$ cat upload_11.pdb   # PDB, C-alpha atoms
ATOM      1  CA  MET A   2       0.000   0.000   0.000
ATOM      2  CA  ILE A   3       1.092   3.529  -0.781
ATOM      3  CA  ILE A   4      -0.632   6.743   0.295
ATOM      4  CA  ASP A   5       0.636  10.065  -0.986
ATOM      5  CA  LYS A   6      -0.280  13.403  -2.566
ATOM      6  CA  ILE A   7      -0.765  13.543  -6.321
ATOM      7  CA  GLU A   8       2.052  16.083  -6.694
ATOM      8  CA  ASN A   9       4.437  13.281  -5.654
ATOM      9  CA  ALA A  10       3.190  10.823  -8.304
ATOM     10  CA  ASN A  11       6.432  11.042 -10.309
ATOM     11  CA  ILE A  12       8.186   9.122  -7.534
ATOM     12  CA  TYR A  13       6.174   6.022  -8.495
ATOM     13  CA  LYS A  14       6.743   6.011 -12.268
ATOM     14  CA  ASN A  15       9.348   3.267 -11.896
ATOM     15  CA  PHE A  16       6.463   0.945 -10.911
ATOM     16  CA  GLY A  17       5.783   0.469 -14.609
ATOM     17  CA  GLU A  18       4.118   1.900 -17.675
ATOM     18  CA  ARG A  19       0.567   1.179 -16.470
ATOM     19  CA  ILE A  20       1.038   3.128 -13.242
ATOM     20  CA  THR A  21       2.498   6.005 -15.262
ATOM     21  CA  ILE A  22      -0.544   5.976 -17.564
ATOM     22  CA  ALA A  23      -2.847   5.938 -14.532
ATOM     23  CA  PHE A  24      -1.158   8.968 -12.970
ATOM     24  CA  ASP A  25      -1.111  10.785 -16.320
ATOM     25  CA  TYR A  26      -4.879  10.207 -16.512
ATOM     26  CA  ILE A  27      -5.368  11.758 -13.073
ATOM     27  CA  LYS A  28      -3.258  14.786 -13.962
ATOM     28  CA  SER A  29      -4.688  15.378 -17.464
ATOM     29  CA  THR A  30      -8.416  14.786 -16.862
ATOM     30  CA  ASP A  31     -10.950  17.301 -15.554
ATOM     31  CA  LEU A  32     -12.034  14.945 -12.784
ATOM     32  CA  LYS A  33     -14.210  17.506 -10.950
ATOM     33  CA  ASN A  34     -16.544  17.649 -13.967
ATOM     34  CA  LEU A  35     -16.392  13.970 -14.940
ATOM     35  CA  GLN A  36     -19.693  12.153 -14.450
ATOM     36  CA  GLN A  37     -20.075   8.956 -12.452
ATOM     37  CA  GLY A  38     -19.374   5.851 -14.485
ATOM     38  CA  LYS A  39     -16.735   3.623 -16.020
ATOM     39  CA  TYR A  40     -14.147   4.960 -18.485
ATOM     40  CA  GLU A  41     -11.856   2.794 -20.589
ATOM     41  CA  ILE A  42      -8.245   3.972 -20.733
ATOM     42  CA  GLU A  43      -6.278   1.001 -22.078
ATOM     43  CA  GLY A  44      -8.733  -1.812 -22.723
ATOM     44  CA  LYS A  45      -8.905  -4.298 -19.868
ATOM     45  CA  ASN A  46      -5.439  -3.272 -18.675
ATOM     46  CA  ILE A  47      -6.475   0.102 -17.234
ATOM     47  CA  PHE A  48      -9.915   1.553 -16.666
ATOM     48  CA  ALA A  49     -11.359   4.257 -14.457
ATOM     49  CA  MET A  50     -14.471   4.418 -12.315
ATOM     50  CA  ILE A  51     -15.867   7.664 -10.938
ATOM     51  CA  SER A  52     -18.209   7.370  -7.962
ATOM     52  CA  GLU A  53     -19.886   9.712  -5.504
ATOM     53  CA  TYR A  54     -21.162   8.544  -2.129
ATOM     54  CA  GLN A  55     -21.538   9.301   1.565
ATOM     55  CA  THR A  56     -18.819   7.878   3.780
ATOM     56  CA  LYS A  57     -20.046   5.318   6.288
ATOM     57  CA  PRO A  58     -19.179   3.987   9.742
ATOM     58  CA  GLU A  59     -16.530   1.286   9.966
ATOM     59  CA  SER A  60     -19.219  -1.225  10.985
ATOM     60  CA  GLU A  61     -20.739  -0.895   7.484
ATOM     61  CA  GLY A  62     -17.426  -1.235   5.622
ATOM     62  CA  LYS A  63     -16.082  -4.329   3.900
ATOM     63  CA  LEU A  64     -12.460  -5.416   3.882
ATOM     64  CA  GLU A  65     -11.585  -6.446   0.317
ATOM     65  CA  ALA A  66      -8.754  -7.518  -1.945
ATOM     66  CA  HIS A  67      -8.259  -8.111  -5.654
ATOM     67  CA  ARG A  68      -6.247 -10.701  -7.556
ATOM     68  CA  LYS A  69      -6.045  -9.348 -11.117
ATOM     69  CA  TYR A  70      -5.952  -5.592 -10.565
ATOM     70  CA  LEU A  71      -4.389  -3.115  -8.235
ATOM     71  CA  ASP A  72      -6.379  -0.053  -7.209
ATOM     72  CA  VAL A  73      -5.241   3.537  -7.523
ATOM     73  CA  GLN A  74      -7.854   5.384  -5.468
ATOM     74  CA  TYR A  75      -7.777   9.171  -5.846
ATOM     75  CA  VAL A  76      -9.989  11.460  -3.758
ATOM     76  CA  ILE A  77     -11.345  14.197  -6.021
ATOM     77  CA  ASP A  78     -13.501  15.865  -3.375
ATOM     78  CA  GLY A  79     -13.967  15.212   0.347
ATOM     79  CA  GLU A  80     -12.062  12.945   2.705
ATOM     80  CA  GLU A  81     -12.350   9.432   4.046
ATOM     81  CA  LEU A  82     -10.569   6.837   6.084
ATOM     82  CA  MET A  83      -9.077   3.922   4.189
ATOM     83  CA  GLY A  84      -8.352   0.750   6.086
ATOM     84  CA  TYR A  85      -5.369  -1.443   5.270
ATOM     85  CA  ALA A  86      -3.709  -4.682   6.321
ATOM     86  CA  PRO A  87      -1.274  -7.039   4.591
ATOM     87  CA  LEU A  88      -3.073 -10.011   3.065
ATOM     88  CA  GLY A  89      -2.697 -13.252   4.948
ATOM     89  CA  ILE A  90      -4.102 -13.027   8.465
ATOM     90  CA  GLN A  91      -7.759 -12.411   7.586
ATOM     91  CA  THR A  92     -10.758 -14.706   7.479
ATOM     92  CA  ILE A  93     -12.643 -14.947   4.186
ATOM     93  CA  SER A  94     -16.183 -13.621   4.671
ATOM     94  CA  GLU A  95     -17.288 -13.883   1.007
ATOM     95  CA  PRO A  96     -15.499 -16.059  -1.576
ATOM     96  CA  TYR A  97     -13.667 -14.654  -4.588
ATOM     97  CA  LYS A  98     -15.888 -13.411  -7.419
ATOM     98  CA  GLU A  99     -13.883 -13.523 -10.640
ATOM     99  CA  GLU A 100     -16.349 -11.325 -12.574
ATOM    100  CA  ASN A 101     -15.733  -8.448 -10.125
ATOM    101  CA  ASP A 102     -12.196  -9.478  -9.125
ATOM    102  CA  VAL A 103     -13.021  -9.142  -5.433
ATOM    103  CA  ILE A 104     -12.836 -11.221  -2.282
ATOM    104  CA  PHE A 105     -14.099 -10.000   1.092
ATOM    105  CA  PHE A 106     -12.528 -10.602   4.477
ATOM    106  CA  SER A 107     -12.923  -9.901   8.153
ATOM    107  CA  GLY A 108      -9.954  -9.082  10.338
ATOM    108  CA  GLU A 109      -7.732  -6.414  11.789
ATOM    109  CA  LYS A 110      -6.764  -3.280   9.864
ATOM    110  CA  SER A 111      -5.443   0.190  10.488
ATOM    111  CA  PHE A 112      -6.862   3.406   9.040
ATOM    112  CA  THR A 113      -5.345   6.436   7.345
ATOM    113  CA  LYS A 114      -7.162   9.633   6.410
ATOM    114  CA  VAL A 115      -7.046  10.329   2.672
ATOM    115  CA  GLU A 116      -8.057  13.842   1.638
ATOM    116  CA  GLU A 117      -8.776  15.664  -1.600
ATOM    117  CA  GLY A 118      -5.711  15.512  -3.856
ATOM    118  CA  MET A 119      -4.342  12.342  -2.247
ATOM    119  CA  PHE A 120      -4.209   8.795  -3.599
ATOM    120  CA  ALA A 121      -3.788   5.282  -2.291
ATOM    121  CA  ILE A 122      -2.410   2.337  -4.218
ATOM    122  CA  PHE A 123      -3.594  -1.071  -3.052
ATOM    123  CA  PHE A 124      -1.752  -4.062  -4.502
ATOM    124  CA  PRO A 125      -3.113  -7.635  -4.691
ATOM    125  CA  THR A 126      -1.125  -8.341  -1.502
ATOM    126  CA  ASP A 127      -3.139  -5.674   0.379
ATOM    127  CA  VAL A 128      -6.600  -5.836   1.893
ATOM    128  CA  HIS A 129      -8.379  -2.510   2.121
ATOM    129  CA  MET A 130     -11.564  -0.884   3.376
ATOM    130  CA  PRO A 131     -12.287   2.449   1.669
ATOM    131  CA  GLY A 132     -15.184   4.849   2.156
ATOM    132  CA  ILE A 133     -15.150   5.121   5.944
ATOM    133  CA  ALA A 134     -16.243   8.363   7.633
ATOM    134  CA  VAL A 135     -13.543  10.372   9.386
ATOM    135  CA  GLU A 136     -16.048  11.601  11.977
ATOM    136  CA  ASN A 137     -19.468  12.139  10.419
ATOM    137  CA  PRO A 138     -20.739  10.944   7.030
ATOM    138  CA  LEU A 139     -19.425  13.204   4.272
ATOM    139  CA  HIS A 140     -19.942  13.401   0.510
ATOM    140  CA  VAL A 141     -16.946  12.066  -1.432
ATOM    141  CA  LYS A 142     -16.187  12.031  -5.132
ATOM    142  CA  LYS A 143     -13.514   9.486  -5.969
ATOM    143  CA  LEU A 144     -11.701   8.040  -8.937
ATOM    144  CA  VAL A 145     -10.658   4.397  -8.779
ATOM    145  CA  LEU A 146      -8.252   3.316 -11.479
ATOM    146  CA  LYS A 147      -8.103  -0.440 -11.955
ATOM    147  CA  VAL A 148      -4.622  -1.352 -13.216
ATOM    148  CA  ARG A 149      -3.992  -4.923 -14.360
ATOM    149  CA  ALA A 150      -1.357  -6.369 -12.051
ATOM    150  CA  ASP A 151       0.319  -8.882 -14.387
TER     151      ASP A 151
END
$ encode --input "upload_11.pdb" --output "structure tokens"
Amino acid sequence: MIIDKIENANIYKNFGERITIAFDYIKSTDLKNLQQGKYEIEGKNIFAMISEYQTKPESEGKLEAHRKYLDVQYVIDGEELMGYAPLGIQTISEPYKEENDVIFFSGEKSFTKVEEGMFAIFFPTDVHMPGIAVENPLHVKKLVLKVRAD
């Protein structure tokens, strides 16, 4: 897992061409005016999803992981807590769904506040719980870039 400000994205370009394309998309797209939905960037290798929602209490969150894709989650507007733990010590709560590339877990995690202009990268070796309220529910607009991990 990596959490940082978008102005530091150049540090992570050595992670590969797909990560570079993902960060270039963030920097070159008018995300504030982009409507909710799915946007293809590079076929099934990289695609973007814009969503808007109210953050929720931790008790309503789900700890998840992915096998095929890593997530680059960028907060366009608002703030939220994102939970994280290394994969391996959790209990599976819902089996892997290949069509959505997601598996849900229960277990321990720690939280970090991610604010407007910040991103988190979650690798297939990370479990994560996004969308959690910092204090009270708050409107968030977020971009999630799905980057094929292979």
$ residues_around --input "upload_11.pdb" --residues "A:Glu8" --least-positions-apart "6" --cutoff "12 Å" --atoms "only C-alpha atoms" --output "PyMOL selection string"
chain A and resi 24-25+27-28+117-120
$ closest_residue --input "upload_11.pdb" --among "A:Asp31, A:Asp102, A:Glu18, A:Glu59" --to "A:Glu43" --atoms "all atoms listed in the file"
A:Glu18
$ closest_residue --input "upload_11.pdb" --among "A:Ala134, A:Leu146, A:Ile51, A:Ala121" --to "A:Asn9" --atoms "only C-alpha atoms"
A:Ala121
$ closest_residue --input "upload_11.pdb" --among "A:Leu32, A:Val141, A:Val115, A:Met50" --to "A:Gly79" --atoms "all atoms listed in the file"
A:Val141
$ residues_around --input "upload_11.pdb" --residues "A:Phe112" --least-positions-apart "6" --cutoff "8 Å" --atoms "only C-alpha atoms" --output "list in words"
Leu82, Met83, Gly84 and Tyr85 of chain A
$ resolve_selection --input "upload_11.pdb" --expression "the PyMOL selection byres ((chain A and resi 123) around 6)" --output "list of chain:residue names"
A:Met2, A:Leu71, A:Asp72, A:Ile122, A:Phe124, A:Asp127
$ atom_distance --input "upload_11.pdb" --atom1 "atom CA of A:Glu65" --atom2 "atom CA of A:Gly38"
20.8 Å
$ closest_residue --input "upload_11.pdb" --among "A:Ile22, A:Val148, A:Ile12, A:Ala66" --to "A:Ser94" --atoms "all atoms listed in the file"
A:Ala66
$ closest_residue --input "upload_11.pdb" --among "A:Ser52, A:Tyr13, A:Glu99, A:Phe106" --to "A:Gln74" --atoms "all atoms listed in the file"
A:Ser52
